[in-house]
Amino acid sequence: MTAPGLKDAVAIVGIGQTAFARQLAEDEKTLACRAVLAALDDAGIAPGEVDALASYTMEETDEVELAKAVGFGDLTFFSKVGYGGGGSCATVAHLAAAIAAGQATVGVAWRSRKRGSGPRPWTNTAVQLPTPAQWTRPFGLLRPVDEIAMLARRYMHEYGVTRDHLFNVALACRNRANQNPAAVMYERPLTREMYMTSRWISEPLCLYDNCLETDGALACVVVGRERARDCAEKPVYVHAAAQGLPAQHHGMVNYWNDDPLTGPAWTAARHLWKHADFTPREVDVAQIYDAFTALIPLSLEGYGFCGRGEGGAFTEQGGLEIGGRLPLNTGGGGLSEAYVHGFNLVNEGVKQLRGTSTAQVPGAETCLVTAGEGVPTSALLLRS
């Protein structure tokens with residue numbers, strides 16, 4: 001995904017979002033339009049200048065309809081990325097590659113979703129048994145949480161990770177959401193007692209180990225380095241980008257891998273750091289995909305912030321808090337801000353490097369953003 005010519009060649013210059021809530025009245029297309037227009041306004045770029053689009057295969061808002069509604073110009077590049085939350089960073093990466101290669105000049109990536117008021121994807125019985133699911137769903141692994149619960153249990157068994165470690169993840173995200181007026185969980189603190197006494201969703205994962213169910217939309221605008229200097233806001237450069245689909249991968253459960261706990265993050269990370277001028281130790285803040293708390297320590301290991309089996313211990317003593325070893329998900333993440341397939345993590349990364357986050361890390365100049373672990377994934381390294 002990252003060629004030598006891509007490094008810092010493009011920048012995110014505009015971000016936009018709608019409100020987040022369990023239920024919003026507007027449909028997904030309307031929410032998408034609002035987020036895209038907000039991002040373009042933030043960048044100071046007219047809709048007619050947009051010539052590239054990228055989103056998710058699961059995005060219900062069609063490019064043609066969005067282009068007509070918002071008033072885009074002729075489009076010369078458009079792509080969609082698969083695997084749900086694994087696609088968030090890749091949408092930006094695809095635009096960056098297209099712009100760096102001269103296929104487009106102004107790109108918009110977006111995600112609009114009504115997960116809070118809409119149906120759960122796994123309730124559609126007509127698509128319950130694609131080939132991979134024949135090895136999981138007949139045996140009771142009906143939901144993503146059931147699949148990740150299996151990985152979490154194995155992680156606990158092999159490395160001594162505890163529920164207190166998972167609570168540390170949930171607490172760090174909630175603490176940041178408590179600082180963010182846009183977050184669903186704003187002014188709703190989380191305590192250890194609340195966490196430990198909450199109901200099981202799929203043991204060993206409880207209510208607070210699961211992301212929110214949210215309606216909302218987000219978008220960002222990507223342009224080349226030269227154009228970025230003239231935009232309305234401080235540019236945030238795409239330093240490196242990667243996608244990762246490991247050999248013999250089986251979504252969520254990794255049944256066929258020699259080691260199920262080395263998920264797609266490990267593949268993406270090798271490519272990401274190969275093309276970067278800095279290392280994990282030089283990352284000031286991270287926005288790590290948190291559909292479930294257990295994905296955080298697994299990702300910390302995969303992206304090289306600690307060794308195998310050390311992800312749980314990394315969360316101890318405020319390791320994920322502001323001032324800790326790696327300030328994490330500073331808008332609240334999917335656990336406590338909103339769950340829109342990880343796109344809010346991209347926008348929060350931009351806010352951190354602009355210096356405008358509601359939970360600002362002092363002097364932040366570098367940020368890792370990751371997409372869904374457990375599925376074919378993607379990641380970005382951003383720098384100011």
# chains A, B, ... in the order shown; residues from 1 in each chain; ligands from 1

$ select_by_dssp --residues "range 34-198 of chain A" --states "helix (DSSP H, G or I)" --output "PyMOL selection string"
chain A and resi 34-43+47-49+63-70+84-100+121-123+125-127+131-135+137-139+144-159+163-177+192-197

$ residues_around --residues "Ala364 in chain A" --least-positions-apart "6" --cutoff "8 Å" --atoms "only C-alpha atoms" --output "ChimeraX atom specification"
/A:284-285,352-353,355

$ residues_around --residues "range 153-170 of chain A" --least-positions-apart "3" --cutoff "10 Å" --atoms "only C-alpha atoms" --output "ChimeraX atom specification"
/A:148-150,173-175,190-192,195-196,203-206,208-211,260-261,290,292-298,308-321,328-329,332-333,335-336

$ residues_around --residues "Asp8 in chain A" --least-positions-apart "2" --cutoff "9 Å" --atoms "only C-alpha atoms" --output "PyMOL selection string"
chain A and resi 5-6+10-11+224-225+236-240+382-383

$ closest_residue --among "A:Thr131, A:Thr57, A:Thr197, A:Thr358" --to "Tyr83 in chain A" --atoms "only C-alpha atoms"
A:Thr57

$ select_by_dssp --residues "range 22-226 of chain A" --states "strand (DSSP E or B)" --output "MDAnalysis selection string"
chainID A and resid 52:56 77:81 106:114 200:202 205:206 210 215:224

$ write_last_selection --atoms "N, CA and C atoms" --output "tab-separated table (two decimals), in the first residue's frame"
chain	number	residue	atom	x	y	z
A	52	ALA	N	-12.39	12.39	-6.41
A	52	ALA	CA	-12.10	11.03	-5.95
A	52	ALA	C	-12.91	10.72	-4.70
A	53	LEU	N	-13.36	9.48	-4.58
A	53	LEU	CA	-14.14	9.03	-3.44
A	53	LEU	C	-13.65	7.66	-2.98
A	54	ALA	N	-13.76	7.41	-1.68
A	54	ALA	CA	-13.47	6.09	-1.14
A	54	ALA	C	-14.33	5.85	0.09
A	55	SER	N	-14.88	4.66	0.18
A	55	SER	CA	-15.66	4.28	1.35
A	55	SER	C	-15.60	2.77	1.52
A	56	TYR	N	-16.55	2.21	2.24
A	56	TYR	CA	-16.56	0.80	2.59
A	56	TYR	C	-17.53	0.03	1.67
A	77	PHE	N	-11.56	8.79	-9.84
A	77	PHE	CA	-11.15	7.67	-9.01
A	77	PHE	C	-12.22	7.42	-7.98
A	78	PHE	N	-12.59	6.15	-7.76
A	78	PHE	CA	-13.51	5.79	-6.68
A	78	PHE	C	-13.27	4.34	-6.32
A	79	SER	N	-13.30	4.05	-5.03
A	79	SER	CA	-13.04	2.69	-4.56
A	79	SER	C	-13.84	2.41	-3.30
A	80	LYS	N	-14.00	1.11	-3.02
A	80	LYS	CA	-14.62	0.68	-1.78
A	80	LYS	C	-13.77	-0.44	-1.17
A	81	VAL	N	-13.69	-0.43	0.15
A	81	VAL	CA	-12.83	-1.37	0.87
A	81	VAL	C	-13.71	-2.31	1.69
A	106	VAL	N	-8.47	15.88	-5.42
A	106	VAL	CA	-9.19	16.11	-4.16
A	106	VAL	C	-10.04	14.88	-3.86
A	107	GLY	N	-9.75	14.20	-2.77
A	107	GLY	CA	-10.48	12.98	-2.42
A	107	GLY	C	-11.29	13.13	-1.15
A	108	VAL	N	-12.41	12.45	-1.11
A	108	VAL	CA	-13.25	12.40	0.09
A	108	VAL	C	-13.47	10.95	0.48
A	109	ALA	N	-13.19	10.63	1.73
A	109	ALA	CA	-13.52	9.33	2.31
A	109	ALA	C	-14.61	9.54	3.34
A	110	TRP	N	-15.51	8.57	3.47
A	110	TRP	CA	-16.62	8.77	4.41
A	110	TRP	C	-17.19	7.44	4.87
A	111	ARG	N	-17.93	7.49	5.95
A	111	ARG	CA	-18.74	6.36	6.42
A	111	ARG	C	-19.98	6.91	7.09
A	112	SER	N	-21.14	6.44	6.65
A	112	SER	CA	-22.42	6.79	7.25
A	112	SER	C	-23.11	5.52	7.68
A	113	ARG	N	-23.61	5.50	8.90
A	113	ARG	CA	-24.17	4.25	9.41
A	113	ARG	C	-25.27	4.50	10.43
A	114	LYS	N	-26.30	3.67	10.36
A	114	LYS	CA	-27.35	3.71	11.38
A	114	LYS	C	-27.38	2.37	12.09
A	200	TRP	N	-22.91	-10.30	31.35
A	200	TRP	CA	-22.13	-10.90	30.27
A	200	TRP	C	-22.82	-10.66	28.94
A	201	ILE	N	-22.02	-10.37	27.91
A	201	ILE	CA	-22.54	-10.39	26.54
A	201	ILE	C	-22.11	-11.68	25.87
A	202	SER	N	-20.84	-12.04	26.04
A	202	SER	CA	-20.33	-13.35	25.63
A	202	SER	C	-19.07	-13.58	26.47
A	205	LEU	N	-16.41	-11.55	27.94
A	205	LEU	CA	-16.65	-10.15	27.59
A	205	LEU	C	-18.00	-9.69	28.13
A	206	CYS	N	-17.95	-8.61	28.91
A	206	CYS	CA	-19.16	-8.08	29.53
A	206	CYS	C	-19.68	-6.88	28.72
A	210	ASN	N	-17.82	-4.12	25.03
A	210	ASN	CA	-18.40	-4.02	23.70
A	210	ASN	C	-18.56	-2.57	23.27
A	215	ASP	N	-25.83	5.70	15.57
A	215	ASP	CA	-26.14	6.35	14.30
A	215	ASP	C	-25.18	7.53	14.14
A	216	GLY	N	-24.70	7.75	12.92
A	216	GLY	CA	-23.84	8.90	12.68
A	216	GLY	C	-23.04	8.75	11.42
A	217	ALA	N	-22.33	9.80	11.03
A	217	ALA	CA	-21.51	9.78	9.82
A	217	ALA	C	-20.30	10.67	10.03
A	218	LEU	N	-19.21	10.32	9.33
A	218	LEU	CA	-17.98	11.10	9.37
A	218	LEU	C	-17.37	11.11	7.97
A	219	ALA	N	-16.51	12.10	7.72
A	219	ALA	CA	-15.82	12.20	6.44
A	219	ALA	C	-14.52	12.95	6.62
A	220	CYS	N	-13.60	12.76	5.68
A	220	CYS	CA	-12.38	13.56	5.64
A	220	CYS	C	-12.00	13.85	4.20
A	221	VAL	N	-11.19	14.89	4.03
A	221	VAL	CA	-10.77	15.36	2.70
A	221	VAL	C	-9.26	15.20	2.60
A	222	VAL	N	-8.81	14.62	1.47
A	222	VAL	CA	-7.40	14.34	1.24
A	222	VAL	C	-6.95	15.05	-0.03
A	223	VAL	N	-5.81	15.75	0.04
A	223	VAL	CA	-5.24	16.43	-1.13
A	223	VAL	C	-3.73	16.25	-1.13
A	224	GLY	N	-3.09	16.63	-2.24
A	224	GLY	CA	-1.64	16.57	-2.32
A	224	GLY	C	-0.96	17.59	-1.42

$ residues_around --residues "Ala25 in chain A" --least-positions-apart "2" --cutoff "12 Å" --atoms "only C-alpha atoms" --output "compact mmCIF listing (two decimals) with N, CA, C and O atoms, in the first residue's frame"
# COMPACT_ATOMS: atom_id res chain seq x y z
N THR A 18 -21.39 14.22 11.82
CA THR A 18 -22.72 14.57 12.32
C THR A 18 -22.73 14.39 13.83
O THR A 18 -21.72 14.00 14.43
N ALA A 19 -23.85 14.61 14.43
CA ALA A 19 -24.04 14.20 15.82
C ALA A 19 -24.00 12.68 15.89
O ALA A 19 -24.22 11.98 14.89
N PHE A 20 -23.69 12.14 17.07
CA PHE A 20 -23.73 10.71 17.33
C PHE A 20 -24.84 10.44 18.34
O PHE A 20 -24.98 11.18 19.32
N ALA A 21 -25.62 9.40 18.10
CA ALA A 21 -26.70 9.06 19.03
C ALA A 21 -27.13 7.63 18.78
O ALA A 21 -26.82 7.04 17.74
N ARG A 22 -27.87 7.09 19.73
CA ARG A 22 -28.43 5.75 19.53
C ARG A 22 -29.44 5.77 18.39
O ARG A 22 -29.59 4.78 17.66
N GLN A 23 -30.12 6.90 18.20
CA GLN A 23 -31.09 6.99 17.12
C GLN A 23 -31.15 8.42 16.60
O GLN A 23 -31.40 9.36 17.35
N ASP A 27 -31.85 9.77 7.38
CA ASP A 27 -31.39 8.51 6.79
C ASP A 27 -29.89 8.57 6.53
O ASP A 27 -29.24 9.61 6.69
N GLU A 28 -29.30 7.43 6.14
CA GLU A 28 -27.85 7.35 5.99
C GLU A 28 -27.33 8.27 4.90
O GLU A 28 -26.25 8.85 5.03
N LYS A 29 -28.06 8.40 3.80
CA LYS A 29 -27.61 9.28 2.72
C LYS A 29 -27.54 10.73 3.21
O LYS A 29 -26.56 11.44 2.94
N THR A 30 -28.54 11.18 3.91
CA THR A 30 -28.55 12.55 4.42
C THR A 30 -27.40 12.77 5.40
O THR A 30 -26.71 13.80 5.35
N LEU A 31 -27.19 11.80 6.29
CA LEU A 31 -26.08 11.91 7.23
C LEU A 31 -24.75 11.97 6.49
O LEU A 31 -23.86 12.76 6.84
N LYS A 114 -26.30 3.67 10.36
CA LYS A 114 -27.35 3.71 11.38
C LYS A 114 -27.38 2.37 12.09
O LYS A 114 -28.33 1.59 11.98
N GLY A 116 -27.23 2.10 15.42
CA GLY A 116 -28.01 2.19 16.64
C GLY A 116 -29.48 1.89 16.42
O GLY A 116 -30.09 1.11 17.15
N SER A 117 -30.05 2.49 15.38
CA SER A 117 -31.48 2.31 15.12
C SER A 117 -31.75 1.28 14.02
O SER A 117 -32.89 0.91 13.79
N GLY A 118 -30.68 0.81 13.36
CA GLY A 118 -30.86 -0.15 12.27
C GLY A 118 -30.70 -1.58 12.75
O GLY A 118 -30.48 -1.85 13.93
N ASP A 215 -25.83 5.70 15.57
CA ASP A 215 -26.14 6.35 14.30
C ASP A 215 -25.18 7.53 14.14
O ASP A 215 -24.91 8.25 15.11
N GLY A 216 -24.70 7.75 12.92
CA GLY A 216 -23.84 8.90 12.68
C GLY A 216 -23.04 8.75 11.42
O GLY A 216 -23.06 7.69 10.77

$ residues_around --residues "Pro235 in chain A" --least-positions-apart "3" --cutoff "7 Å" --atoms "only C-alpha atoms" --output "ChimeraX atom specification"
/A:11-13,228,384

$ write_last_selection --atoms "N, CA, C and O atoms" --output "compact mmCIF listing (two decimals), in the first residue's frame"
# COMPACT_ATOMS: atom_id res chain seq x y z
N ALA A 11 -2.08 14.91 2.36
CA ALA A 11 -2.49 15.32 3.71
C ALA A 11 -4.00 15.30 3.84
O ALA A 11 -4.73 15.50 2.86
N ILE A 12 -4.45 15.05 5.06
CA ILE A 12 -5.85 15.23 5.40
C ILE A 12 -6.03 16.69 5.78
O ILE A 12 -5.36 17.19 6.69
N VAL A 13 -6.91 17.38 5.07
CA VAL A 13 -7.05 18.82 5.27
C VAL A 13 -8.44 19.23 5.74
O VAL A 13 -8.67 20.42 6.04
N ALA A 228 -2.26 21.22 0.02
CA ALA A 228 -2.57 21.25 1.46
C ALA A 228 -2.11 22.54 2.11
O ALA A 228 -2.73 23.02 3.07
N SER A 384 2.25 15.64 11.90
CA SER A 384 1.91 17.05 11.70
C SER A 384 2.95 17.76 10.85
O SER A 384 4.03 17.19 10.60

$ closest_residue --among "A:Cys231, A:Leu207, A:Ala100, A:Val361" --to "Glu348 in chain A" --atoms "only C-alpha atoms"
A:Val361

$ atom_distance --atom1 "CA of Ala96 in chain A" --atom2 "CA of Gly14 in chain A"
14.0 Å

$ residues_around --residues "range 246-258 of chain A" --least-positions-apart "2" --cutoff "9 Å" --atoms "only C-alpha atoms" --output "CSV table (one decimal) with C-alpha atoms, in the first residue's frame"
chain,number,residue,atom,x,y,z
A,83,TYR,CA,-14.4,-6.2,5.8
A,132,PRO,CA,-16.2,-19.4,6.5
A,133,ALA,CA,-19.3,-19.1,8.7
A,136,THR,CA,-18.5,-21.1,13.3
A,144,PRO,CA,-18.7,-10.9,16.4
A,147,GLU,CA,-15.9,-14.9,18.0
A,148,ILE,CA,-13.7,-12.3,19.8
A,150,MET,CA,-13.0,-17.1,22.0
A,151,LEU,CA,-9.8,-15.2,21.2
A,244,GLY,CA,-3.0,-6.5,6.1
A,260,PRO,CA,-4.6,-17.3,16.3
A,261,LEU,CA,-3.4,-14.4,18.5
A,262,THR,CA,-1.2,-13.0,15.7
A,263,GLY,CA,-4.0,-11.4,13.7
A,264,PRO,CA,-4.0,-9.1,10.7
A,265,ALA,CA,-2.4,-6.3,12.7
A,266,TRP,CA,0.9,-8.1,12.6
A,267,THR,CA,0.8,-8.2,8.8
A,268,ALA,CA,-0.2,-4.6,8.4
A,373,GLU,CA,-8.2,-6.3,14.2
A,374,GLY,CA,-9.5,-9.8,13.6
A,375,VAL,CA,-10.5,-9.0,10.1
A,376,PRO,CA,-8.4,-7.9,7.0

$ atom_distance --atom1 "CA of Ala182 in chain A" --atom2 "CA of Glu63 in chain A"
27.2 Å

$ closest_residue --among "A:Thr214, A:Gln243, A:Gln103, A:Gly84" --to "Met185 in chain A" --atoms "only C-alpha atoms"
A:Thr214

$ closest_residue --among "A:Cys306, A:Cys33, A:Leu24, A:Leu380" --to "Tyr289 in chain A" --atoms "only C-alpha atoms"
A:Leu380

$ closest_residue --among "A:Ala286, A:Ala242, A:Ala35, A:Val369" --to "Leu272 in chain A" --atoms "only C-alpha atoms"
A:Ala242
